[in-house]
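Source file my_file-v2.cif; content: mmCIF, C-alpha atoms and all ligand atoms.
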```cif
data_entry
loop_
_atom_site.label_atom_id
_atom_site.label_comp_id
_atom_site.auth_asym_id
_atom_site.auth_seq_id
_atom_site.Cartn_x
_atom_site.Cartn_y
_atom_site.Cartn_z
CA MET F 612 -37.59 -34.59 18.66
CA ASN F 613 -36.07 -34.62 15.24
CA GLN F 614 -33.18 -36.50 13.69
CA ASN F 615 -30.91 -33.46 13.40
CA TYR F 616 -28.49 -34.09 16.24
CA ASP F 617 -27.13 -30.54 16.31
CA ASP F 618 -30.59 -29.16 17.11
CA LEU F 619 -31.15 -31.34 20.16
CA THR F 620 -31.49 -29.44 23.44
CA ALA F 621 -32.08 -30.49 27.03
CA GLU F 622 -35.66 -29.20 26.72
CA ASP F 623 -36.37 -31.84 24.06
CA ILE F 624 -35.51 -34.71 26.39
CA TYR F 625 -36.29 -33.75 29.98
CA ASP F 626 -39.86 -34.99 29.95
CA LEU F 627 -39.40 -38.31 28.15
CA ASP F 628 -39.34 -40.64 31.19
CA SER F 629 -35.65 -41.43 30.80
CA ILE F 630 -33.55 -42.45 33.81
CA LYS F 631 -30.64 -40.61 32.27
CA TRP F 632 -32.56 -37.33 32.19
CA ASN F 633 -34.89 -37.70 35.17
CA TYR F 634 -32.63 -39.06 37.91
CA PHE F 635 -31.01 -35.73 38.80
CA GLU F 636 -32.64 -32.34 39.39
CA ARG F 637 -33.80 -30.50 36.28
CA ASP F 638 -30.96 -27.99 36.36
CA VAL F 639 -28.41 -30.79 35.90
CA LEU F 640 -27.08 -31.81 32.48
CA PRO F 641 -26.88 -35.59 32.72
CA LEU F 642 -24.02 -37.19 30.79
CA TRP F 643 -24.05 -40.52 32.58
CA VAL F 644 -26.19 -43.66 31.79
CA ALA F 645 -25.07 -45.23 28.50
CA ASP F 646 -27.99 -44.11 26.37
CA MET F 647 -27.67 -41.87 23.34
CA ASP F 648 -29.86 -38.78 23.36
CA PHE F 649 -30.75 -39.40 19.69
CA LEU F 650 -33.91 -40.95 18.33
CA PRO F 651 -33.49 -44.45 16.89
CA ALA F 652 -33.28 -44.88 13.12
CA PRO F 653 -36.52 -43.92 11.33
CA GLU F 654 -36.56 -47.46 9.88
CA ILE F 655 -36.71 -48.91 13.40
CA LEU F 656 -39.48 -46.55 14.46
CA SER F 657 -41.53 -47.40 11.35
CA ALA F 658 -41.07 -51.13 11.89
CA LEU F 659 -42.27 -50.79 15.49
CA LYS F 660 -45.30 -48.75 14.39
CA ALA F 661 -46.09 -51.29 11.68
CA ARG F 662 -45.87 -54.12 14.19
CA LEU F 663 -48.32 -52.30 16.46
CA ASP F 664 -50.86 -52.34 13.65
CA THR F 665 -50.77 -56.14 13.54
CA TRP F 666 -50.61 -58.82 16.16
CA LEU F 667 -48.91 -58.95 19.55
CA GLY F 668 -49.15 -62.60 20.61
CA TYR F 669 -46.30 -64.96 21.45
CA GLY F 670 -43.61 -65.09 18.78
CA SER F 671 -41.51 -68.17 18.01
CA MET F 672 -40.30 -69.52 21.34
CA SER F 673 -36.69 -69.71 20.23
CA GLY F 674 -36.87 -66.32 18.52
CA ASN F 675 -37.89 -64.88 15.17
CA PRO F 676 -35.96 -67.01 12.62
CA LYS F 677 -35.30 -63.91 10.49
CA LEU F 678 -33.72 -62.14 13.46
CA LEU F 679 -31.61 -65.17 14.37
CA GLY F 680 -30.43 -65.38 10.75
CA GLY F 681 -29.69 -61.64 10.82
CA ILE F 682 -27.56 -62.03 13.96
CA VAL F 683 -25.65 -64.93 12.37
CA ALA F 684 -25.00 -62.81 9.25
CA HIS F 685 -23.99 -59.82 11.37
CA MET F 686 -21.45 -61.91 13.31
CA ALA F 687 -20.08 -63.27 10.02
CA GLY F 688 -19.39 -59.62 9.16
CA PHE F 689 -17.01 -59.55 12.13
CA GLY F 690 -15.31 -62.70 10.84
CA TRP F 691 -17.21 -65.10 13.11
CA THR F 692 -18.32 -67.76 10.68
CA GLY F 693 -19.97 -71.09 11.34
CA LEU F 694 -22.47 -69.74 13.84
CA GLU F 695 -25.99 -71.17 13.57
CA PRO F 696 -29.37 -69.86 14.75
CA LYS F 697 -29.57 -72.70 17.28
CA ASN F 698 -26.47 -71.27 19.01
CA ILE F 699 -28.40 -68.11 19.96
CA TRP F 700 -30.59 -67.77 23.02
CA LEU F 701 -32.64 -64.56 23.11
CA VAL F 702 -33.02 -63.11 26.59
CA SER F 703 -34.38 -59.88 28.03
CA GLY F 704 -31.06 -58.03 28.08
CA VAL F 705 -27.30 -58.36 28.22
CA VAL F 706 -27.14 -58.02 32.01
CA PRO F 707 -29.69 -60.83 32.60
CA GLY F 708 -27.65 -62.91 30.13
CA MET F 709 -24.48 -62.14 32.08
CA TYR F 710 -26.03 -63.09 35.44
CA ALA F 711 -27.50 -66.27 33.93
CA SER F 712 -24.12 -67.23 32.47
CA VAL F 713 -22.37 -66.75 35.82
CA LEU F 714 -25.01 -68.93 37.50
CA GLY F 715 -24.80 -71.66 34.87
CA LEU F 716 -21.03 -71.86 34.46
CA SER F 717 -19.88 -71.58 38.08
CA SER F 718 -20.81 -72.58 41.63
CA VAL F 719 -20.88 -70.66 44.92
CA ASN F 720 -17.36 -69.52 45.97
CA ASP F 721 -15.86 -70.22 42.53
CA GLU F 722 -13.46 -67.52 41.37
CA ILE F 723 -14.19 -65.31 38.40
CA ILE F 724 -11.65 -62.93 36.90
CA THR F 725 -12.51 -59.58 35.42
CA GLN F 726 -10.56 -56.53 34.27
CA THR F 727 -11.24 -53.42 36.31
CA PRO F 728 -12.34 -50.67 35.92
CA ILE F 729 -15.42 -52.44 34.62
CA TYR F 730 -19.11 -51.85 33.91
CA PRO F 731 -20.58 -52.40 37.42
CA PRO F 732 -22.94 -55.36 36.67
CA PHE F 733 -19.86 -57.48 35.93
CA MET F 734 -18.96 -57.17 39.60
CA GLY F 735 -22.61 -57.50 40.61
CA SER F 736 -23.09 -60.75 38.71
CA ILE F 737 -20.10 -62.24 40.53
CA LYS F 738 -20.81 -60.95 44.03
CA ASP F 739 -24.63 -61.14 44.05
CA HIS F 740 -24.41 -64.89 43.55
CA ASN F 741 -21.63 -65.40 46.09
CA ARG F 742 -18.84 -66.06 43.64
CA THR F 743 -15.40 -64.59 44.36
CA MET F 744 -14.16 -61.77 42.18
CA LEU F 745 -10.51 -61.74 41.16
CA GLU F 746 -9.65 -58.27 39.96
CA ASN F 747 -7.11 -57.82 37.21
CA LYS F 748 -6.58 -54.06 37.10
CA MET F 749 -5.93 -52.56 33.71
CA LEU F 750 -2.74 -50.56 33.25
CA ILE F 751 -1.77 -47.62 31.12
CA ALA F 752 1.16 -48.01 28.72
CA ASP F 753 1.99 -45.88 25.67
CA ASN F 754 -1.13 -43.81 26.27
CA GLN F 755 -3.38 -46.85 26.08
CA TRP F 756 -5.30 -48.95 28.59
CA ILE F 757 -3.88 -52.47 28.48
CA ILE F 758 -4.42 -55.85 30.13
CA ASP F 759 -1.91 -56.73 32.84
CA PHE F 760 -1.02 -60.22 31.62
CA ASP F 761 1.65 -60.76 34.29
CA HIS F 762 -0.79 -60.09 37.11
CA LEU F 763 -3.48 -62.14 35.37
CA GLU F 764 -1.28 -65.23 35.57
CA THR F 765 -0.69 -64.76 39.31
CA LEU F 766 -4.43 -64.67 40.05
CA VAL F 767 -5.40 -68.17 38.96
CA THR F 768 -6.00 -70.93 41.52
CA PRO F 769 -7.67 -74.35 41.20
CA GLY F 770 -10.91 -72.57 42.16
CA THR F 771 -10.89 -70.20 39.18
CA ARG F 772 -13.66 -70.97 36.67
CA ILE F 773 -14.40 -68.03 34.42
CA LEU F 774 -12.74 -65.08 32.73
CA MET F 775 -15.23 -62.28 32.09
CA ILE F 776 -14.25 -59.82 29.40
CA CYS F 777 -15.84 -56.71 28.00
CA ASN F 778 -14.78 -55.99 24.42
CA PRO F 779 -15.03 -53.19 23.46
CA HIS F 780 -14.32 -52.34 27.06
CA ASN F 781 -16.66 -50.20 29.15
CA PRO F 782 -15.53 -47.76 30.62
CA THR F 783 -12.10 -47.33 28.94
CA GLY F 784 -13.35 -47.79 25.38
CA ARG F 785 -10.48 -50.14 24.47
CA VAL F 786 -10.91 -52.38 21.44
CA PHE F 787 -8.60 -55.28 22.15
CA THR F 788 -6.30 -56.31 19.29
CA ARG F 789 -5.99 -59.82 17.90
CA PHE F 790 -2.61 -60.06 19.62
CA GLU F 791 -4.13 -59.24 23.04
CA LEU F 792 -7.13 -61.53 22.50
CA GLU F 793 -4.91 -64.41 21.43
CA LYS F 794 -2.83 -63.94 24.58
CA LEU F 795 -6.05 -64.10 26.60
CA ALA F 796 -7.09 -67.19 24.63
CA ALA F 797 -3.82 -68.95 25.46
CA PHE F 798 -4.36 -68.10 29.14
CA VAL F 799 -7.91 -69.46 29.02
CA LEU F 800 -6.86 -72.74 27.39
CA LYS F 801 -3.91 -73.19 29.74
CA HIS F 802 -6.14 -72.87 32.80
CA ARG F 803 -9.23 -74.49 31.25
CA LEU F 804 -11.48 -71.52 32.05
CA TYR F 805 -14.83 -70.57 30.58
CA VAL F 806 -15.20 -67.12 29.05
CA ILE F 807 -18.12 -64.75 29.26
CA SER F 808 -17.52 -62.09 26.63
CA ASP F 809 -19.76 -59.01 26.64
CA GLU F 810 -19.52 -57.55 23.13
CA LEU F 811 -22.44 -55.16 23.33
CA HIS F 812 -20.48 -52.15 22.05
CA ALA F 813 -19.01 -53.96 19.01
CA ASN F 814 -20.77 -51.76 16.46
CA LEU F 815 -19.57 -48.52 18.04
CA ILE F 816 -15.95 -48.46 16.97
CA LEU F 817 -14.87 -44.87 16.50
CA GLU F 818 -11.13 -45.26 16.01
CA PRO F 819 -10.11 -45.52 12.35
CA GLY F 820 -8.35 -48.83 11.78
CA ALA F 821 -9.64 -50.54 14.94
CA THR F 822 -11.78 -53.62 14.33
CA HIS F 823 -13.94 -55.76 16.53
CA ILE F 824 -12.86 -59.39 16.82
CA PRO F 825 -15.40 -61.67 18.52
CA PHE F 826 -13.51 -63.68 21.15
CA ALA F 827 -15.31 -66.87 20.14
CA SER F 828 -14.07 -66.46 16.57
CA LEU F 829 -10.42 -67.00 17.59
CA SER F 830 -10.47 -70.81 17.32
CA PRO F 831 -12.83 -73.79 17.68
CA GLU F 832 -11.26 -74.60 21.08
CA ILE F 833 -11.95 -71.09 22.32
CA SER F 834 -15.45 -71.06 20.85
CA ASP F 835 -16.11 -74.26 22.78
CA ARG F 836 -15.37 -72.46 26.08
CA THR F 837 -16.99 -69.10 25.32
CA VAL F 838 -20.37 -67.53 25.85
CA THR F 839 -20.78 -64.27 23.96
CA ILE F 840 -23.41 -61.80 25.03
CA THR F 841 -24.66 -59.01 22.84
CA GLY F 842 -27.74 -57.01 21.92
CA PRO F 843 -28.97 -54.06 19.88
CA CYS F 844 -29.43 -51.45 22.60
CA LYS F 845 -26.14 -49.52 22.37
CA THR F 846 -25.92 -49.78 18.58
CA PHE F 847 -29.45 -48.66 17.84
CA THR F 848 -30.33 -46.76 21.05
CA THR F 849 -33.23 -49.03 21.99
CA ALA F 850 -32.33 -49.84 25.61
CA GLY F 851 -35.89 -49.40 26.87
CA LEU F 852 -36.97 -52.36 24.73
CA GLY F 853 -34.77 -54.85 26.59
CA ILE F 854 -33.36 -57.72 24.54
CA GLY F 855 -30.06 -59.54 24.40
CA ALA F 856 -28.53 -62.68 22.95
CA VAL F 857 -26.50 -65.30 24.78
CA ILE F 858 -24.50 -67.11 22.12
CA SER F 859 -22.37 -70.22 22.25
CA THR F 860 -21.43 -72.85 19.70
CA ASN F 861 -21.09 -75.28 22.61
CA PRO F 862 -24.65 -76.52 23.27
CA LYS F 863 -23.61 -77.86 26.67
CA LEU F 864 -22.78 -74.36 27.90
CA LEU F 865 -26.14 -72.97 26.75
CA GLU F 866 -27.93 -75.95 28.31
CA ARG F 867 -26.17 -75.37 31.64
CA ILE F 868 -27.08 -71.68 31.64
CA GLN F 869 -30.69 -72.41 30.71
CA ALA F 870 -30.96 -75.13 33.34
CA ALA F 871 -29.61 -72.79 36.05
CA THR F 872 -32.26 -70.18 35.25
CA LYS F 873 -35.16 -72.46 34.31
CA GLY F 874 -38.48 -70.64 34.37
CA LEU F 875 -36.92 -67.24 35.09
CA MET F 876 -35.91 -65.83 31.75
CA GLY F 877 -39.26 -65.46 29.97
CA HIS F 878 -39.66 -65.55 26.22
CA PRO F 879 -38.50 -63.22 23.45
CA ASN F 880 -40.37 -59.92 23.25
CA ILE F 881 -41.67 -59.37 19.74
CA MET F 882 -41.39 -55.56 19.81
CA SER F 883 -37.73 -55.86 20.80
CA GLU F 884 -37.16 -58.49 18.12
CA THR F 885 -38.85 -56.23 15.58
CA ALA F 886 -36.59 -53.32 16.49
CA TRP F 887 -33.40 -55.42 16.38
CA LEU F 888 -34.31 -56.99 13.03
CA ALA F 889 -35.17 -53.60 11.51
CA GLY F 890 -31.86 -52.26 12.78
CA LEU F 891 -29.88 -55.09 11.21
CA GLU F 892 -31.82 -54.93 7.93
CA ALA F 893 -32.15 -51.18 7.46
CA GLY F 894 -30.45 -49.29 10.30
CA MET F 895 -26.82 -49.38 9.16
CA PRO F 896 -26.83 -46.05 7.24
CA TRP F 897 -28.27 -44.42 10.39
CA LEU F 898 -25.54 -46.07 12.44
CA GLU F 899 -22.83 -44.75 10.11
CA LYS F 900 -24.25 -41.23 10.34
CA THR F 901 -24.47 -41.50 14.12
CA LYS F 902 -20.92 -42.83 14.45
CA THR F 903 -19.64 -39.90 12.40
CA TYR F 904 -21.35 -37.54 14.84
CA LEU F 905 -19.95 -39.45 17.83
CA GLN F 906 -16.45 -39.37 16.35
CA ALA F 907 -16.65 -35.61 15.98
CA ASN F 908 -17.91 -35.29 19.58
CA ARG F 909 -15.05 -37.48 20.76
CA GLU F 910 -12.49 -35.24 19.01
CA PHE F 911 -14.22 -32.13 20.34
CA LEU F 912 -14.15 -33.51 23.89
CA GLY F 913 -10.44 -34.38 23.61
CA ALA F 914 -9.54 -30.95 22.22
CA TYR F 915 -11.64 -29.19 24.87
CA LEU F 916 -10.00 -31.07 27.74
CA ARG F 917 -6.49 -30.48 26.34
CA GLN F 918 -7.15 -26.76 25.96
CA HIS F 919 -9.18 -25.94 29.07
CA LEU F 920 -8.44 -28.66 31.61
CA PRO F 921 -4.92 -29.76 30.68
CA GLU F 922 -4.32 -31.58 33.95
CA VAL F 923 -7.20 -33.95 33.25
CA LYS F 924 -6.11 -37.32 31.89
CA CYS F 925 -8.37 -38.91 29.35
CA ILE F 926 -7.34 -41.54 26.83
CA LEU F 927 -10.07 -41.12 24.24
CA PRO F 928 -12.11 -44.31 23.70
CA GLU F 929 -11.46 -46.36 20.57
CA ALA F 930 -15.08 -47.50 20.82
CA THR F 931 -18.23 -46.58 22.77
CA TYR F 932 -19.49 -43.06 23.39
CA LEU F 933 -18.13 -43.12 26.94
CA ALA F 934 -15.04 -41.28 28.12
CA TRP F 935 -13.20 -42.42 31.25
CA ILE F 936 -11.76 -39.26 32.75
CA ASP F 937 -9.15 -38.93 35.49
CA PHE F 938 -9.38 -35.76 37.62
CA ASN F 939 -6.73 -36.85 40.11
CA ALA F 940 -4.50 -33.89 39.33
CA TYR F 941 -7.17 -31.55 40.73
CA ALA F 942 -7.94 -30.81 44.37
CA GLN F 943 -11.57 -31.87 43.87
CA ALA F 944 -10.55 -35.43 42.89
CA PRO F 945 -11.60 -37.31 46.07
CA GLU F 946 -15.28 -36.55 45.48
CA VAL F 947 -15.16 -35.26 41.93
CA GLN F 948 -18.46 -36.79 40.76
CA LYS F 949 -20.31 -35.19 43.67
CA PHE F 950 -18.45 -31.91 43.21
CA LEU F 951 -19.35 -31.72 39.52
CA LEU F 952 -22.96 -32.63 40.25
CA VAL F 953 -23.39 -29.99 42.96
CA THR F 954 -21.17 -27.21 41.65
CA ALA F 955 -21.15 -27.67 37.87
CA LYS F 956 -24.64 -29.22 37.69
CA VAL F 957 -23.34 -31.96 35.42
CA GLY F 958 -24.29 -35.57 36.19
CA LEU F 959 -21.52 -38.09 35.47
CA ASN F 960 -20.93 -41.69 36.58
CA GLU F 961 -18.94 -42.08 39.80
CA GLY F 962 -15.60 -43.77 39.12
CA THR F 963 -15.55 -45.96 42.22
CA ASN F 964 -18.62 -47.81 40.96
CA PHE F 965 -16.33 -49.30 38.29
CA GLY F 966 -13.65 -50.54 40.67
CA ALA F 967 -12.52 -49.97 44.23
CA ASP F 968 -9.53 -47.77 43.47
CA CYS F 969 -11.08 -45.55 40.81
CA THR F 970 -11.27 -42.48 43.04
CA GLY F 971 -10.96 -39.29 41.03
CA PHE F 972 -12.37 -40.87 37.87
CA VAL F 973 -15.73 -40.19 36.24
CA ARG F 974 -17.38 -41.61 33.12
CA LEU F 975 -18.82 -39.09 30.69
CA ASN F 976 -21.32 -40.00 27.96
CA PHE F 977 -20.79 -37.82 24.88
CA ALA F 978 -23.70 -39.22 22.83
CA THR F 979 -25.58 -35.96 22.89
CA SER F 980 -25.77 -32.84 20.76
CA ARG F 981 -22.66 -30.73 20.44
CA GLN F 982 -24.45 -27.86 22.16
CA VAL F 983 -25.38 -29.95 25.23
CA LEU F 984 -21.84 -31.38 25.36
CA THR F 985 -20.32 -27.90 25.08
CA GLN F 986 -22.59 -26.52 27.78
CA ALA F 987 -21.67 -29.37 30.13
CA LEU F 988 -17.94 -28.96 29.49
CA GLU F 989 -18.14 -25.20 30.08
CA ARG F 990 -19.87 -25.86 33.38
CA ILE F 991 -17.19 -28.38 34.36
CA ARG F 992 -14.38 -25.99 33.41
CA GLU F 993 -15.90 -23.10 35.38
CA ALA F 994 -16.47 -25.28 38.46
CA ILE F 995 -12.99 -26.80 38.44
CA LYS F 996 -11.23 -23.52 37.77
CA GLY F 997 -13.36 -21.84 40.45
C1 LIG F 1001 -20.87 -53.42 28.52
C2 LIG F 1001 -22.34 -53.36 28.79
N1 LIG F 1001 -23.03 -54.51 28.98
C3 LIG F 1001 -24.35 -54.50 29.23
C4 LIG F 1001 -25.06 -53.30 29.32
C5 LIG F 1001 -26.53 -53.33 29.59
O1 LIG F 1001 -27.19 -54.09 28.65
P1 LIG F 1001 -28.75 -54.43 28.82
O2 LIG F 1001 -29.44 -53.13 28.98
O3 LIG F 1001 -29.10 -55.15 27.56
O4 LIG F 1001 -28.86 -55.31 30.02
C6 LIG F 1001 -24.37 -52.09 29.15
C7 LIG F 1001 -25.09 -50.82 29.29
O5 LIG F 1001 -24.53 -49.78 29.42
C8 LIG F 1001 -22.99 -52.12 28.87
O6 LIG F 1001 -22.30 -51.00 28.67
#
```
Could you show the structure in this file as structure tokens?
Amino acid sequence: MNQNYDDLTAEDIYDLDSIKWNYFERDVLPLWVADMDFLPAPEILSALKARLDTWLGYGSMSGNPKLLGGIVAHMAGFGWTGLEPKNIWLVSGVVPGMYASVLGLSSVNDEIITQTPIYPPFMGSIKDHNRTMLENKMLIADNQWIIDFDHLETLVTPGTRILMICNPHNPTGRVFTRFELEKLAAFVLKHRLYVISDELHANLILEPGATHIPFASLSPEISDRTVTITGPCKTFTTAGLGIGAVISTNPKLLERIQAATKGLMGHPNIMSETAWLAGLEAGMPWLEKTKTYLQANREFLGAYLRQHLPEVKCILPEATYLAWIDFNAYAQAPEVQKFLLVTAKVGLNEGTNFGADCTGFVRLNFATSRQVLTQALERIREAIKG
């Protein structure tokens, strides 16, 4: 594989032991799992190779100090100042961090609110540990996915403990504004909730003018109630290396989460730390180049849908390389994911995995070459149009 994204074909990727590419039959173009089809930055690959030529023993138990410093500096770039390395707990991924946080900050039967549609492990982390999920469905207004603040207020009971947010939001791609986040913050303080904020897609903002605001950066009171979870895997396309960071300026919250998962979370993986550090130190030009490509793919996708499948509704994502697409105007809507898999030979994520009433929706990953994206869209158009 080379670094020229336009040249990338399905043949380059099929045999790489990737769940995205190997889950379906070989004649399917898979635009599902949130992995980019591109190689990581050359600087990350060189750092990993260099590390392999040295030593692979245990690293520092609380994490490579250079990496922790790099994460602190990176967060300061988003306007989150005052963070310290001791506020960061390195774990094996964002999802393990999310599950651990649910365990540590709530008890069985406690209520946890989340905004649906939502990345499925949010719901898993609530239900798998016998907490109760309170669903606040997102709405569409002015061609934008928004939080239903009125409904949110009606959900809370004395048994509600946590608000889980995903910002930028997977699957809609919303980047919440300061106004929206401050409204959420007021809600959280009023009801004395904890917040678990998954900010994994923060570096993938595609919409000019949109900016990522870490929830914990809103105020010291909010920081005191918030656990932020992030990692390098979406930014730098290193998901197979598994690493994440659970961050809170409130040591009591981190202690509770660590106590609830004592002995289960392992220790930081030095290859993953190496990749993340190299990304932060030297991977930003690669990220800018990649975001430019993703932006162009996003525009291409939007134009293609408007021209060839005008009944499809898709509010293009402000961030992420994931498009949340509504096929409900078409007869195939009730089983559209299955229909597109069987008839178009395109593998997309099934909408109902993101929320009970997401029938007719699919999630499409456009982090691939323009030629693969075009081929997939042509197949979808032909199948839908019959
Ligand atoms: C919002 C969000 N959180 C977490 C993850 C998974 O993170 P990890 O692989 O570090 O567990 C994903 C992957 O798609 C995601 O989109």
Interatomic distance between CA of Ala930 (chain F) and CA of Ala652 (chain F)?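 Between CA of Ala930 (chain F) and CA of Ala652 (chain F) the gap is 19.9 Å.
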Grab me every residue within 9 Å of ligand LIG 1001 (chain F), counting only C-alpha atoms and all ligand atoms, and send it over as a PyMOL selection string. chain F and resi 644-646+702-709+729-733+777-782+809-812+840-845+849-856+931
Contact residues around region 656-668 of chain F with all atoms listed in the file at 8 Å, ignoring same-chain residues under 2 positions, as a list in words: Pro651, Ala652, Pro653, Glu654, Gly670, Ile881, Met882, Thr885, Ala886 and Ala889 of chain F
Counting all atoms listed in the file, which residue out of F:Asn720, F:Thr725, F:Thr970, F:Thr788 sits closest to Met749 (chain F)?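 Closest to Met749 (chain F), using all atoms listed in the file: F:Thr725.
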Top pick for closest residue to Thr860 (chain F), considering F:Thr985, F:Asn976, F:Thr872, F:Ser834 and counting only C-alpha atoms: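 Ranked by minimum distance to Thr860 (chain F), first place goes to F:Ser834.
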Computed gap from CA of Leu679 (chain F) to CA of Ala821 (chain F) is 26.4 Å
Report, in Å to a single decimal, how far apart CA of Glu946 (chain F) and CA of Asp628 (chain F) are. 28.3 Å
Wanna dump the region 846-954 of chain F-region 680-684 of chain F contacts at 9 Å for me, each residue with its shortest atom pair and the distance in Å to one decimal, counting only C-alpha atoms, ordered by chain and number, as CSV?
```
residue,atom,partner,partner_atom,distance
F:Leu888,CA,F:Gly681,CA,6.9
F:Leu891,CA,F:Gly681,CA,6.6
F:Glu892,CA,F:Gly681,CA,7.6
```
How would the residues just chosen look if you wrote them out with C-alpha atoms as a short mmCIF file (atom, residue, chain, number, x, y, z; two decimals), in the frame of the given file?
```cif
data_model
loop_
_atom_site.label_atom_id
_atom_site.label_comp_id
_atom_site.auth_asym_id
_atom_site.auth_seq_id
_atom_site.Cartn_x
_atom_site.Cartn_y
_atom_site.Cartn_z
CA LEU F 888 -34.31 -56.99 13.03
CA LEU F 891 -29.88 -55.09 11.21
CA GLU F 892 -31.82 -54.93 7.93
#
```
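Comparing F:Ala752, F:Gly674, F:Phe826, F:Thr765 by their smallest distance to Trp887 (chain F), the closest is F:Gly674 (using all atoms listed in the file).
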Given all atoms listed in the file as the counted atoms, nearest of F:Leu804, F:Ala711, F:Ile995, F:Ala934 to Leu952 (chain F):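 That would be F:Ile995, the residue with the smallest distance to Leu952 (chain F).
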So, counting all atoms listed in the file, which residue among F:Trp632, F:Ile816, F:Glu866, F:Pro641 is closest to Gln948 (chain F)? F:Pro641
